[in-house]
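Participant: The structure is given below, and queries will be raised subsequently.
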Amino acid sequence: EVRLVESGGGLVQPGGSLRLSCRASGFTFSASSMSWVRQAPGKELEWISSTTAGSGNVFYADSVKGRFTISRDNAKSTLYLQLNNLKTADTAMYYCAKGLRALAPRGQGTLVTVSS
């Protein structure tokens with residue numbers, strides 16, 4: 001059974017930073033592409049970043065390119081997302097998902113609120 005547990009969200013001021021984590025279990029993490037997606041209040045799920053297995057190629061949505069960095073630690077079966085220069089528009093529930101540009105399966109999410 002795929003299990004994904006996100007953490008690291010919180011309240012941060014515009015321009016601030018956060019690091020999200022996603023602990024994975026129930027599948028071979030090192031052999032799996034992984035993604036981060038988010039859902040802002042009242043909006044649809046939005047894919048924001050992916051990393052492939054093996055070569056670890058990374059991909060970003062235009063909305064976060066240059067500000068967010070995806071990474072992974074295969075030894076810890078953990079996916080990360082470093083969020084820098086946060087904007088109020090980044091306020092959302094953030095989820096990790098198994099797959100390339102995938103929206104599901106995903107965890108329960110961690111809430112990021114960007115507000116002054």
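Convention: chains lettered A, B, ... in structure tokens order; per-chain residue numbering from 1; ligands numbered from 1 as shown.
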Using DSSP on the backbone coordinates, identify the residues of chain A assigned to helix (DSSP H, G or I); present them as JSON, numbers by chain.

Facilitator: {"A": [29, 30, 31, 74, 75, 76, 88, 89, 90]}

Participant: Considering only C-alpha atoms, return as a list of chain:residue names whatever protein or nucleic-acid residues lie within 10 Å of Arg23 (chain A), sequence-local ones (same chain, fewer than 3 positions apart) excluded.

Facilitator: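 In the requested format, the answer is A:Arg3, A:Leu4, A:Val5, A:Glu6, A:Ser7, A:Phe29, A:Asp73, A:Lys76, A:Ser77, A:Thr78, A:Leu79, A:Tyr80, A:Cys96, A:Gly107.
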
Participant: Work out how far apart CA of Met34 (chain A) and CA of Thr69 (chain A) are and give it in Å to one decimal.

Facilitator: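 If I compute the distance from CA of Met34 (chain A) to CA of Thr69 (chain A), I get 13.1 Å.
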
Participant: Would you mind telling me which residue in A:Ser63, A:Ser49, A:Ser115, A:Asn57 lies nearest to Gln82 (chain A) when using only C-alpha atoms?

Facilitator: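 For Gln82 (chain A), the nearest of the candidates is A:Ser49.
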
Participant: Just to confirm, what's the straight-line distance from CA of Arg67 (chain A) to CA of Arg101 (chain A) in Å (one decimal)?

Facilitator: 18.3 Å

Participant: Using only C-alpha atoms, which of the listed residues (A:Leu83, A:Val2, A:Ile48, A:Val112) sits closest to Phe27 (chain A)?

Facilitator: A:Val2

Participant: Counting only C-alpha atoms, what is within 10 Å of Gly66 (chain A), bar same-chain residues fewer than 5 positions away, as a PDB file with N, CA and C atoms, in the first residue's frame?

Facilitator:
ATOM      1  N   TYR A  60       9.585  21.692 -13.330  1.00  0.00           N
ATOM      2  CA  TYR A  60       8.837  22.670 -12.541  1.00  0.00           C
ATOM      3  C   TYR A  60       7.765  23.344 -13.380  1.00  0.00           C
ATOM      4  N   ALA A  61       6.667  23.666 -12.722  1.00  0.00           N
ATOM      5  CA  ALA A  61       5.671  24.528 -13.343  1.00  0.00           C
ATOM      6  C   ALA A  61       6.232  25.939 -13.401  1.00  0.00           C
ATOM      7  N   LEU A  83      10.914  25.791  -0.544  1.00  0.00           N
ATOM      8  CA  LEU A  83      10.108  26.899  -1.033  1.00  0.00           C
ATOM      9  C   LEU A  83      10.780  28.200  -0.615  1.00  0.00           C
ATOM     10  N   ASN A  84      11.222  28.982  -1.579  1.00  0.00           N
ATOM     11  CA  ASN A  84      11.864  30.260  -1.304  1.00  0.00           C
ATOM     12  C   ASN A  84      11.072  31.401  -1.927  1.00  0.00           C
ATOM     13  N   ASN A  85      11.295  32.602  -1.394  1.00  0.00           N
ATOM     14  CA  ASN A  85      10.636  33.794  -1.933  1.00  0.00           C
ATOM     15  C   ASN A  85       9.132  33.567  -2.078  1.00  0.00           C
TER      16      ASN A  85
END

Participant: What gap, in Å, lies between CA of Thr110 (chain A) and CA of Pro14 (chain A)?

Facilitator: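 Spanning CA of Thr110 (chain A) to CA of Pro14 (chain A) is a straight-line distance of 18.0 Å.
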
Participant: Identify which of the residues A:Ser71, A:Gln13, A:Thr28, A:Ser35 lies closest to Arg106 (chain A), counting only C-alpha atoms when measuring atom-to-atom distances.

Facilitator: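 The shortest atom-to-atom distance to Arg106 (chain A) comes from A:Ser35.
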
Participant: Between A:Ser32, A:Ser17, A:Thr51, A:Gln39, which one has atoms that come closest to Lys87 (chain A), using only C-alpha atoms?

Facilitator: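 Closest candidate: A:Ser17.
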
Participant: Give the strand (DSSP E or B) residues of region 36-72 of chain A, as DSSP finds them on the backbone, and put them as JSON, numbers by chain.

Facilitator: {"A": [36, 37, 38, 39, 45, 46, 47, 48, 49, 50, 51, 58, 59, 60, 68, 69, 70, 71, 72]}

Participant: Using only C-alpha atoms, which protein or nucleic acid residues come within 9 Å of Asp90 (chain A)? Drop anything in the same chain fewer than 3 positions from it, and give the result as a CSV table (one decimal) with N, CA, C and O atoms, in the first residue's frame.

Facilitator:
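result-v3.csv, written as the output of this step:
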chain,number,residue,atom,x,y,z
A,38,ARG,N,-0.3,21.0,-5.5
A,38,ARG,CA,-0.9,21.9,-4.4
A,38,ARG,C,-2.3,22.2,-4.8
A,38,ARG,O,-2.7,22.1,-6.0
A,40,ALA,N,-4.9,25.4,-3.9
A,40,ALA,CA,-5.2,26.6,-3.2
A,40,ALA,C,-6.7,26.6,-2.9
A,40,ALA,O,-7.5,25.9,-3.6
A,64,VAL,N,6.4,28.3,-10.3
A,64,VAL,CA,7.3,28.1,-9.1
A,64,VAL,C,8.8,28.0,-9.6
A,64,VAL,O,9.7,28.0,-8.7
A,86,LEU,N,8.5,33.1,-1.0
A,86,LEU,CA,7.1,32.8,-1.0
A,86,LEU,C,6.2,34.0,-1.3
A,86,LEU,O,6.5,35.1,-0.8
A,87,LYS,N,5.1,33.7,-2.0
A,87,LYS,CA,4.2,34.8,-2.3
A,87,LYS,C,2.8,34.4,-1.7
A,87,LYS,O,2.6,33.2,-1.5
A,112,VAL,N,0.5,25.3,3.7
A,112,VAL,CA,1.4,26.4,3.7
A,112,VAL,C,0.5,27.7,3.6
A,112,VAL,O,-0.3,27.8,2.6
A,113,THR,N,0.7,28.6,4.5
A,113,THR,CA,0.0,29.9,4.5
A,113,THR,C,1.0,31.0,4.4
A,113,THR,O,1.9,31.1,5.3
A,114,VAL,N,0.9,31.8,3.4
A,114,VAL,CA,1.8,32.9,3.2
A,114,VAL,C,1.0,34.2,3.5
A,114,VAL,O,0.1,34.6,2.7
